[in-house]
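Here is the structure we will look at, set down as structure tokens.
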Amino acid sequence: MSNQNAKYTGAVKKVDELGRIIIPRVIREQKQIRPSDKFEFVMDGDVIMLVRHFDKCMACDDDTNIKRVHKTYLCEECREAVGKAL
């Protein structure tokens, strides 16, 4: 693993028949992982990492002041621009 900040936890979990792996409670509590939090899978060779995913604006890729608008996410600035264009 190329990340020098990597920390092995000793937690070993099996993949169940539906492909799920349980994140141990101690890790969820330490990293403040809550139900409905989103994660992206990132692969580096044989290493699979979970990276917390935050929704970003579809128009400008900004990740501040994001709100869902129908089936997408827009930041405040882009929501205002859309409002003015209509």
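Starting from 1 in every chain, residues are counted up; chains themselves are A, B, ... following the order of the structure tokens, and ligands are numbered from 1 as listed.
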
*chain A: which residues are helix (DSSP H, G or I) by DSSP, as a PyMOL selection string?*
chain A and resi 25-30+76-85

Store the residues of this selection in a file with N, CA and C atoms, as a PDB file, in the first residue's frame.
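After the write, part_2.pdb holds the following:
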```pdb
ATOM      1  N   ARG A  25     -18.215  -1.244  14.392  1.00  0.00           N
ATOM      2  CA  ARG A  25     -18.764  -0.126  15.185  1.00  0.00           C
ATOM      3  C   ARG A  25     -17.671   0.854  15.612  1.00  0.00           C
ATOM      4  N   VAL A  26     -16.541   0.337  16.072  1.00  0.00           N
ATOM      5  CA  VAL A  26     -15.480   1.218  16.549  1.00  0.00           C
ATOM      6  C   VAL A  26     -15.002   2.166  15.440  1.00  0.00           C
ATOM      7  N   ILE A  27     -14.940   1.675  14.202  1.00  0.00           N
ATOM      8  CA  ILE A  27     -14.547   2.522  13.069  1.00  0.00           C
ATOM      9  C   ILE A  27     -15.663   3.503  12.740  1.00  0.00           C
ATOM     10  N   ARG A  28     -16.927   3.030  12.740  1.00  0.00           N
ATOM     11  CA  ARG A  28     -18.054   3.940  12.458  1.00  0.00           C
ATOM     12  C   ARG A  28     -18.098   5.071  13.470  1.00  0.00           C
ATOM     13  N   GLU A  29     -17.877   4.744  14.741  1.00  0.00           N
ATOM     14  CA  GLU A  29     -17.919   5.778  15.775  1.00  0.00           C
ATOM     15  C   GLU A  29     -16.732   6.735  15.650  1.00  0.00           C
ATOM     16  N   GLN A  30     -15.547   6.200  15.428  1.00  0.00           N
ATOM     17  CA  GLN A  30     -14.353   7.028  15.325  1.00  0.00           C
ATOM     18  C   GLN A  30     -14.424   7.982  14.132  1.00  0.00           C
ATOM     19  N   GLU A  76     -25.752  26.909  -4.544  1.00  0.00           N
ATOM     20  CA  GLU A  76     -26.602  28.096  -4.460  1.00  0.00           C
ATOM     21  C   GLU A  76     -26.425  29.011  -5.673  1.00  0.00           C
ATOM     22  N   GLU A  77     -25.184  29.214  -6.084  1.00  0.00           N
ATOM     23  CA  GLU A  77     -24.909  30.101  -7.223  1.00  0.00           C
ATOM     24  C   GLU A  77     -25.562  29.582  -8.509  1.00  0.00           C
ATOM     25  N   CYS A  78     -25.451  28.300  -8.757  1.00  0.00           N
ATOM     26  CA  CYS A  78     -26.045  27.726  -9.975  1.00  0.00           C
ATOM     27  C   CYS A  78     -27.567  27.690  -9.886  1.00  0.00           C
ATOM     28  N   ARG A  79     -28.117  27.478  -8.689  1.00  0.00           N
ATOM     29  CA  ARG A  79     -29.579  27.534  -8.533  1.00  0.00           C
ATOM     30  C   ARG A  79     -30.085  28.930  -8.864  1.00  0.00           C
ATOM     31  N   GLU A  80     -29.372  29.945  -8.411  1.00  0.00           N
ATOM     32  CA  GLU A  80     -29.756  31.322  -8.716  1.00  0.00           C
ATOM     33  C   GLU A  80     -29.656  31.602 -10.212  1.00  0.00           C
ATOM     34  N   ALA A  81     -28.590  31.109 -10.855  1.00  0.00           N
ATOM     35  CA  ALA A  81     -28.415  31.310 -12.290  1.00  0.00           C
ATOM     36  C   ALA A  81     -29.543  30.656 -13.073  1.00  0.00           C
ATOM     37  N   VAL A  82     -29.933  29.464 -12.663  1.00  0.00           N
ATOM     38  CA  VAL A  82     -31.035  28.767 -13.328  1.00  0.00           C
ATOM     39  C   VAL A  82     -32.329  29.548 -13.132  1.00  0.00           C
ATOM     40  N   GLY A  83     -32.554  30.029 -11.918  1.00  0.00           N
ATOM     41  CA  GLY A  83     -33.743  30.825 -11.628  1.00  0.00           C
ATOM     42  C   GLY A  83     -33.831  32.074 -12.500  1.00  0.00           C
ATOM     43  N   LYS A  84     -32.712  32.756 -12.686  1.00  0.00           N
ATOM     44  CA  LYS A  84     -32.679  33.968 -13.517  1.00  0.00           C
ATOM     45  C   LYS A  84     -32.891  33.643 -14.985  1.00  0.00           C
ATOM     46  N   ALA A  85     -32.401  32.493 -15.426  1.00  0.00           N
ATOM     47  CA  ALA A  85     -32.522  32.101 -16.842  1.00  0.00           C
ATOM     48  C   ALA A  85     -33.950  31.721 -17.187  1.00  0.00           C
TER      49      ALA A  85
END
```

*Looking only at the backbone, which of the residues in chain A does DSSP tag as strand (DSSP E), as a list in words?*
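Result set for chain A (strand (DSSP E)): Lys38, Phe39, Glu40, Phe41, Val42, Met43, Asp44, Val47, Ile48, Met49, Leu50, Val51, Arg52, His53, Lys67, Arg68, Val69, Thr72, Tyr73 and Leu74 of chain A.
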
Close residues, A:Thr64 itself excluded, 12 Å, only C-alpha atoms, min 6 positions apart in chain, as an mmCIF file with C-alpha atoms, in the first residue's frame:
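The resulting file, part-v6.cif, is reproduced below:
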```cif
data_model
loop_
_atom_site.group_PDB
_atom_site.id
_atom_site.type_symbol
_atom_site.label_atom_id
_atom_site.label_comp_id
_atom_site.auth_asym_id
_atom_site.auth_seq_id
_atom_site.Cartn_x
_atom_site.Cartn_y
_atom_site.Cartn_z
ATOM 1 C CA PHE A 54 -20.118 14.353 -0.804
ATOM 2 C CA ASP A 55 -22.591 15.459 -3.433
ATOM 3 C CA LYS A 56 -21.281 18.139 -5.775
ATOM 4 C CA CYS A 57 -22.951 20.646 -8.033
ATOM 5 C CA TYR A 73 -27.595 18.569 -7.100
ATOM 6 C CA LEU A 74 -26.890 22.282 -7.574
ATOM 7 C CA CYS A 75 -24.967 24.811 -5.490
ATOM 8 C CA GLU A 76 -26.602 28.096 -4.460
ATOM 9 C CA GLU A 77 -24.909 30.101 -7.223
ATOM 10 C CA CYS A 78 -26.045 27.726 -9.975
#
```

*asked:* So the first atom is atom CA of A:Thr72 and the second is atom CA of A:Gln32; what is the distance between them in Å, to one decimal place?
replied: 25.6 Å

*Work out how far apart atom CA of A:Ile48 and atom CA of A:Asp16 are and give it in Å to one decimal.*
16.9 Å

*What is the atom CA of A:Val69 to atom CA of A:Leu50 distance in Å?*
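A separation of 26.5 Å between them.
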
*Excluding A:Asp37 and any residue of its chain fewer than 2 positions from it, enumerate the residues within 8 Å of it, using only C-alpha atoms, and give them as a list of chain:residue names.*
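Here the qualifying residues turn out to be A:Ile33, A:Arg34, A:Pro35, A:Phe39, A:Arg52, A:His53.
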